[in-house]
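Text of the file entry_27.cif, holding mmCIF, C-alpha atoms and all ligand atoms:
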data_protein
loop_
_atom_site.label_atom_id
_atom_site.label_comp_id
_atom_site.auth_asym_id
_atom_site.auth_seq_id
_atom_site.Cartn_x
_atom_site.Cartn_y
_atom_site.Cartn_z
CA MET A 1 112.68 100.46 84.17
CA LYS A 2 110.59 103.55 84.90
CA LYS A 3 112.12 105.79 87.58
CA ILE A 4 109.86 107.48 90.11
CA THR A 5 110.03 109.99 92.96
CA ILE A 6 108.95 108.76 96.39
CA ALA A 7 108.01 111.42 98.94
CA ILE A 8 107.71 110.36 102.59
CA ASP A 9 106.35 112.91 105.04
CA GLY A 10 105.08 112.66 108.57
CA PHE A 11 105.45 113.50 112.23
CA SER A 12 108.73 113.25 114.19
CA SER A 13 110.12 109.80 114.89
CA THR A 14 107.59 107.89 112.83
CA GLY A 15 110.38 105.76 111.36
CA LYS A 16 110.39 107.64 108.04
CA SER A 17 114.13 107.47 107.57
CA THR A 18 114.47 103.76 108.44
CA LEU A 19 111.77 102.94 105.92
CA ALA A 20 113.06 105.36 103.28
CA LYS A 21 116.61 103.96 103.54
CA GLN A 22 115.36 100.40 103.12
CA VAL A 23 113.18 101.28 100.12
CA ALA A 24 115.96 103.28 98.46
CA LYS A 25 118.42 100.42 98.93
CA GLU A 26 116.00 97.89 97.48
CA LEU A 27 115.33 100.05 94.41
CA GLY A 28 118.89 101.33 93.97
CA TYR A 29 117.57 104.88 94.47
CA VAL A 30 119.19 107.85 96.20
CA TYR A 31 117.91 108.51 99.73
CA VAL A 32 117.76 112.07 101.06
CA ASP A 33 117.02 112.88 104.70
CA THR A 34 115.88 116.52 104.55
CA GLY A 35 115.61 116.68 108.35
CA ALA A 36 119.41 116.36 108.40
CA MET A 37 119.65 119.55 106.32
CA TYR A 38 117.46 121.56 108.74
CA ARG A 39 119.43 120.05 111.63
CA ALA A 40 122.77 121.05 110.04
CA VAL A 41 121.61 124.67 109.59
CA THR A 42 120.50 124.60 113.25
CA TYR A 43 123.86 123.21 114.32
CA TYR A 44 125.60 126.03 112.41
CA ALA A 45 123.37 128.56 114.20
CA MET A 46 124.20 126.99 117.58
CA LEU A 47 127.95 127.00 116.88
CA ASN A 48 127.72 130.69 115.99
CA ASN A 49 125.57 131.61 119.01
CA LEU A 50 122.61 132.58 116.83
CA VAL A 51 120.12 130.31 118.56
CA SER A 52 119.47 128.84 122.00
CA GLU A 53 116.31 127.73 123.74
CA ASP A 54 115.18 131.29 124.49
CA PHE A 55 116.98 133.25 121.78
CA LEU A 56 117.07 133.42 117.98
CA ASP A 57 118.97 135.94 115.87
CA LYS A 58 117.02 135.33 112.70
CA GLU A 59 118.43 138.34 110.85
CA SER A 60 122.07 137.29 111.34
CA LEU A 61 121.32 133.71 110.40
CA VAL A 62 119.57 134.80 107.20
CA SER A 63 122.50 137.09 106.33
CA GLN A 64 124.92 134.16 106.81
CA LEU A 65 122.97 131.59 104.78
CA SER A 66 125.34 131.86 101.81
CA LYS A 67 128.18 130.73 104.12
CA ILE A 68 126.41 127.47 104.93
CA GLN A 69 127.47 124.68 102.57
CA LEU A 70 125.63 121.41 102.99
CA GLN A 71 126.67 118.18 101.36
CA PHE A 72 125.65 114.53 101.59
CA GLN A 73 128.52 112.07 101.23
CA PHE A 74 127.80 108.37 100.84
CA ASN A 75 129.50 106.19 103.45
CA PRO A 76 129.74 102.66 102.02
CA ALA A 77 130.40 101.17 105.47
CA LEU A 78 127.09 102.56 106.75
CA GLY A 79 125.20 102.17 103.49
CA PHE A 80 123.83 105.71 103.54
CA ALA A 81 124.96 109.30 103.03
CA GLU A 82 126.24 111.35 105.95
CA MET A 83 125.71 115.07 106.41
CA TYR A 84 128.63 117.47 105.98
CA LEU A 85 128.51 121.11 107.06
CA ASN A 86 131.19 123.29 105.46
CA GLY A 87 133.33 120.21 104.84
CA GLU A 88 132.96 118.72 108.32
CA ASN A 89 131.11 115.49 109.06
CA VAL A 90 128.28 116.51 111.42
CA GLU A 91 126.22 113.31 111.20
CA GLN A 92 126.55 112.64 114.97
CA ALA A 93 126.46 116.27 116.10
CA ILE A 94 123.10 117.03 114.46
CA ARG A 95 121.27 114.14 116.18
CA THR A 96 121.49 115.43 119.75
CA ILE A 97 118.49 116.47 121.86
CA GLU A 98 119.94 120.02 121.95
CA VAL A 99 119.69 120.30 118.16
CA SER A 100 116.20 118.74 118.30
CA ARG A 101 115.15 121.47 120.75
CA ASN A 102 116.07 124.28 118.35
CA VAL A 103 115.48 122.85 114.89
CA SER A 104 111.76 123.56 114.46
CA ARG A 105 112.27 127.28 115.15
CA ILE A 106 115.00 127.38 112.50
CA ALA A 107 112.78 125.45 110.07
CA GLU A 108 110.09 128.13 110.40
CA ILE A 109 112.32 130.71 108.66
CA SER A 110 111.20 131.10 105.05
CA GLN A 111 114.66 132.02 103.74
CA VAL A 112 116.10 128.84 105.26
CA ARG A 113 113.33 126.77 103.69
CA ALA A 114 113.79 128.41 100.28
CA LYS A 115 117.53 127.61 100.25
CA LEU A 116 117.03 123.98 101.30
CA VAL A 117 114.04 123.31 99.04
CA GLU A 118 116.05 124.53 96.03
CA GLN A 119 118.85 122.06 96.85
CA GLN A 120 116.35 119.25 97.42
CA GLN A 121 114.66 119.85 94.08
CA ALA A 122 118.05 119.83 92.34
CA MET A 123 118.89 116.46 93.96
CA GLY A 124 115.63 115.01 92.67
CA LYS A 125 115.69 116.32 89.13
CA ASN A 126 116.50 112.89 87.64
CA LYS A 127 113.94 111.06 89.82
CA ALA A 128 115.01 107.64 91.24
CA ILE A 129 114.94 109.26 94.68
CA VAL A 130 113.36 108.61 98.07
CA MET A 131 113.16 111.80 100.11
CA ASP A 132 111.75 112.15 103.60
CA GLY A 133 110.72 115.23 105.56
CA ARG A 134 107.68 117.34 106.35
CA ASP A 135 106.89 119.11 103.05
CA ILE A 136 108.18 116.75 100.39
CA GLY A 137 104.85 115.73 98.89
CA THR A 138 103.32 119.19 99.30
CA VAL A 139 106.12 121.62 98.39
CA VAL A 140 109.35 119.96 97.22
CA PHE A 141 107.88 117.36 94.84
CA PRO A 142 104.14 118.02 94.47
CA ASP A 143 104.21 115.77 91.37
CA ALA A 144 105.87 112.79 93.08
CA GLU A 145 104.45 109.49 91.77
CA LEU A 146 104.20 108.02 95.28
CA LYS A 147 103.50 110.03 98.42
CA LEU A 148 103.35 108.50 101.88
CA PHE A 149 102.30 110.17 105.11
CA MET A 150 103.53 108.39 108.24
CA ASN A 151 101.96 108.60 111.65
CA ALA A 152 102.01 106.83 115.04
CA SER A 153 100.96 107.75 118.56
CA ALA A 154 103.14 110.38 120.31
CA GLU A 155 104.11 107.86 123.01
CA THR A 156 105.19 105.24 120.47
CA ARG A 157 107.25 107.85 118.64
CA ALA A 158 108.86 109.22 121.80
CA GLN A 159 109.74 105.69 122.92
CA ARG A 160 111.47 105.01 119.58
CA ARG A 161 113.45 108.25 119.74
CA PHE A 162 114.29 107.67 123.44
CA ASP A 163 115.67 104.18 122.67
CA GLU A 164 117.70 105.61 119.78
CA LEU A 165 119.24 108.36 121.94
CA LEU A 166 120.04 105.91 124.77
CA GLU A 167 121.72 103.61 122.27
CA LYS A 168 123.89 106.54 121.20
CA GLY A 169 124.84 107.09 124.86
CA GLN A 170 123.01 110.39 125.30
CA SER A 171 121.70 111.19 128.75
CA VAL A 172 118.05 112.15 128.43
CA THR A 173 114.75 111.19 130.09
CA PHE A 174 111.68 109.76 128.38
CA ASP A 175 109.63 112.82 129.41
CA GLU A 176 112.15 115.20 127.82
CA VAL A 177 111.96 113.26 124.57
CA LEU A 178 108.14 113.09 124.63
CA GLN A 179 107.95 116.82 125.28
CA ASN A 180 110.37 117.53 122.43
CA VAL A 181 108.46 115.33 119.97
CA GLN A 182 105.15 117.05 120.88
CA GLN A 183 106.67 120.53 120.76
CA ARG A 184 108.26 119.95 117.35
CA ASP A 185 105.05 118.50 115.94
CA TYR A 186 103.12 121.53 117.19
CA ILE A 187 105.52 124.03 115.59
CA ASP A 188 105.84 121.95 112.39
CA THR A 189 102.04 121.75 111.90
CA HIS A 190 101.32 125.37 112.86
CA ARG A 191 104.04 127.31 111.02
CA GLU A 192 103.02 129.66 108.22
CA ASP A 193 105.49 128.49 105.58
CA SER A 194 105.06 124.88 104.41
CA PRO A 195 103.37 123.44 107.50
CA LEU A 196 103.38 119.69 107.99
CA VAL A 197 100.18 118.52 106.37
CA LYS A 198 99.20 115.38 104.51
CA ALA A 199 99.09 115.98 100.74
CA ASP A 200 95.64 115.20 99.30
CA ASP A 201 97.06 112.36 97.25
CA ALA A 202 99.33 110.89 99.97
CA ILE A 203 98.68 107.44 101.41
CA GLU A 204 98.56 107.53 105.20
CA ILE A 205 100.35 104.79 107.12
CA ASP A 206 99.84 104.57 110.89
CA ASN A 207 102.65 102.29 111.98
CA SER A 208 102.00 102.25 115.76
CA ALA A 209 101.34 98.51 115.54
CA MET A 210 103.34 97.60 112.43
CA SER A 211 106.73 95.93 112.30
CA LYS A 212 109.49 97.36 110.09
CA LYS A 213 109.11 94.35 107.80
CA GLU A 214 105.36 94.92 107.41
CA GLN A 215 105.91 98.58 106.56
CA PHE A 216 108.62 97.74 104.04
CA GLU A 217 106.46 95.11 102.33
CA LEU A 218 103.48 97.44 102.15
CA VAL A 219 105.54 100.22 100.60
CA MET A 220 107.21 97.92 98.07
CA GLN A 221 103.75 96.79 97.02
CA LEU A 222 102.70 100.43 96.54
CA VAL A 223 105.90 101.10 94.58
CA ALA A 224 105.27 98.09 92.31
CA GLU A 225 101.88 99.57 91.36
CA LYS A 226 103.64 102.73 90.14
CA LEU A 227 106.43 101.12 88.09
O1 LIG B 301 113.18 114.52 110.31
P1 LIG B 301 113.77 115.18 111.54
O2 LIG B 301 113.04 114.84 112.79
O3 LIG B 301 115.24 114.96 111.66
O4 LIG B 301 113.57 116.74 111.26
C1 LIG B 301 113.98 117.71 112.19
C2 LIG B 301 113.13 118.97 112.05
O5 LIG B 301 113.42 119.60 110.80
C3 LIG B 301 111.61 118.77 112.04
O6 LIG B 301 111.06 118.71 113.35
C4 LIG B 301 111.15 120.00 111.28
O7 LIG B 301 111.07 121.13 112.13
C5 LIG B 301 112.28 120.26 110.29
N1 LIG B 301 111.99 119.76 108.94
C6 LIG B 301 111.21 120.54 108.12
N2 LIG B 301 111.00 120.17 106.82
C7 LIG B 301 111.53 119.04 106.34
C8 LIG B 301 112.32 118.22 107.17
C9 LIG B 301 112.52 118.59 108.49
O8 LIG B 301 110.70 121.57 108.54
N3 LIG B 301 111.33 118.72 105.04
#
Take the structure in this file and express it as structure tokens.
Amino acid sequence: MKKITIAIDGFSSTGKSTLAKQVAKELGYVYVDTGAMYRAVTYYAMLNNLVSEDFLDKESLVSQLSKIQLQFQFNPALGFAEMYLNGENVEQAIRTIEVSRNVSRIAEISQVRAKLVEQQQAMGKNKAIVMDGRDIGTVVFPDAELKLFMNASAETRAQRRFDELLEKGQSVTFDEVLQNVQQRDYIDTHREDSPLVKADDAIEIDNSAMSKKEQFELVMQLVAEKL
């Protein structure tokens, strides 16, 4: 059967990864969460005191980029790949609100983007991949056969992220999460290098009022049209 590339972009907490994982599983494709890669670089910068909420040592981070090894390792028990930073499983550590607060400023750095985009393109060279992020349909795979752009109201998105963080036992308020979602979206859409923007040929899905099942069925229908 024909193999395609599926690019899923959109705002924070629009359920991109849940949908992408489901679609990849159904098709037997590889799923790549590019947000995890930006989060892992951010986590490295935090561990090495190169970034905090009011500080960023961009020069040092750029000079240390070659020391940052990122790897996805499939965990059969979870059914998806977990993120490893220099050999250490950081899947939990990169999902905290602290990492969320710093990640968009790290993702603005062109040298960081260039390194990660190169790795992402290498992972997708044989197609049969579902990749989610902010610049997949515009920069990483501009020739992807299927491009989706996900959106939902900021409140809906913050509520989803808030529930997720509470489930993981993190202590955070709804307002903090809403503020973080809005702040990240602002930086992501306004940065100079690869801003978050819908590709001309992407199909927009506003899932504020859609169930996960409805989204999955819609996307599988769109996929079927491309195979
Ligand atoms: O997808 P997730 O919310 O985990 O992404 C975290 C952050 O990483 C985003 O807010 C954005 O700043 C950055 N990112 C990016 N380009 C991507 C994926 C994520 O700039 N392709």
*Kindly provide, as a ChimeraX atom specification, all nucleotide and amino acid residues lying within 6 Å of ligand LIG 301 (chain B), counting only C-alpha atoms and all ligand atoms.*
/A:12,34-36,38-39,103-104,107,133-136,184,188
*For Gln92 (chain A), list every protein, DNA or RNA residue within 12 Å, evaluated using all atoms listed in the file, and leave out those in the same chain fewer than 5 positions away; present the list as an NGL selection string.*
:A and (36 or 39-40 or 43 or 82-85 or 97 or 99 or 165 or 168-170)
Save out the residues we just selected, C-alpha atoms, as a CSV table (one decimal), keeping the file's coordinate frame.
chain,number,residue,atom,x,y,z
A,36,ALA,CA,119.4,116.4,108.4
A,39,ARG,CA,119.4,120.0,111.6
A,40,ALA,CA,122.8,121.0,110.0
A,43,TYR,CA,123.9,123.2,114.3
A,82,GLU,CA,126.2,111.4,106.0
A,83,MET,CA,125.7,115.1,106.4
A,84,TYR,CA,128.6,117.5,106.0
A,85,LEU,CA,128.5,121.1,107.1
A,97,ILE,CA,118.5,116.5,121.9
A,99,VAL,CA,119.7,120.3,118.2
A,165,LEU,CA,119.2,108.4,121.9
A,168,LYS,CA,123.9,106.5,121.2
A,169,GLY,CA,124.8,107.1,124.9
A,170,GLN,CA,123.0,110.4,125.3
*Counting all atoms listed in the file, what is within 10 Å of Gly10 (chain A), bar same-chain residues fewer than 6 positions away, as a PyMOL selection string?*
chain A and resi 16+132-136+148-152+185+196-198+204-206
*Once you count all atoms listed in the file, which residues end up no further than 6 Å from (114.6, 109.3, 91.8) in the file's frame, shown as a PyMOL selection string?*
chain A and resi 4-5+29+124+126-129
Quick one: 5 Å padding each side, axis-aligned, all listed atoms of region 14-29 of chain A - centre and edge lengths in Å to one decimal, as JSON?
{"center_x": 113.2, "center_y": 102.9, "center_z": 103.4, "size_x": 21.3, "size_y": 20.0, "size_z": 28.9}
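Note that the spacing between CA of Lys115 (chain A) and CA of Leu27 (chain A) amounts to 28.3 Å.
Across the structure, CA of Asn75 (chain A) and CA of Phe162 (chain A) are spaced 25.2 Å apart.
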_Of the listed residues A:Val32, A:Ser194, A:Ser100, A:Phe141, that which approaches Arg161 (chain A) most closely, counting all atoms listed in the file_ =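 Comparing A:Val32, A:Ser194, A:Ser100, A:Phe141 against Arg161 (chain A), the winner is A:Ser100.
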*With distances taken over only C-alpha atoms, which of A:Lys213, A:Thr14, A:Ala77, A:Ala202 is nearest to Gln159 (chain A)?*
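Looking at the shortest contact to Gln159 (chain A), the residue is A:Thr14.
Note that the spacing between CA of Gln121 (chain A) and CA of Leu218 (chain A) amounts to 26.3 Å.
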Counting all atoms listed in the file, what are the residues of region 85-181 of chain A within 12 Å of region 57-69 of chain A, and for each of them which pair of atoms is the nearest and at what distance in Å, to one decimal? Sort the table by chain and rising number, as a tab-separated table.
residue	atom	partner	partner_atom	distance
A:Leu85	CA	A:Gln69	CA	5.8
A:Asn86	CA	A:Gln69	CA	4.9
A:Gly87	CA	A:Gln69	CA	7.7
A:Glu88	CA	A:Gln69	CA	9.9
A:Asn89	CA	A:Gln69	CA	11.8
A:Arg105	CA	A:Lys58	CA	9.7
A:Ile106	CA	A:Lys58	CA	8.2
A:Ala107	CA	A:Lys58	CA	11.1
A:Glu108	CA	A:Lys58	CA	10.3
A:Ile109	CA	A:Lys58	CA	7.7
A:Ser110	CA	A:Val62	CA	9.4
A:Gln111	CA	A:Val62	CA	6.6
A:Val112	CA	A:Val62	CA	7.2
A:Arg113	CA	A:Val62	CA	10.8
A:Ala114	CA	A:Leu65	CA	10.7
A:Lys115	CA	A:Leu65	CA	8.1
A:Leu116	CA	A:Leu65	CA	10.3
A:Gln119	CA	A:Gln69	CA	10.7
*Rank nothing, just name the residue among A:Asp9, A:Leu222, A:Asn102, A:Leu166 nearest to Val139 (chain A), using only C-alpha atoms.*
A:Asp9
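Of the listed residues A:Asp54, A:Thr138, A:Met37, A:Lys147, the one whose atoms come nearest to Ile94 (chain A) is A:Met37, with distances taken using all atoms listed in the file.
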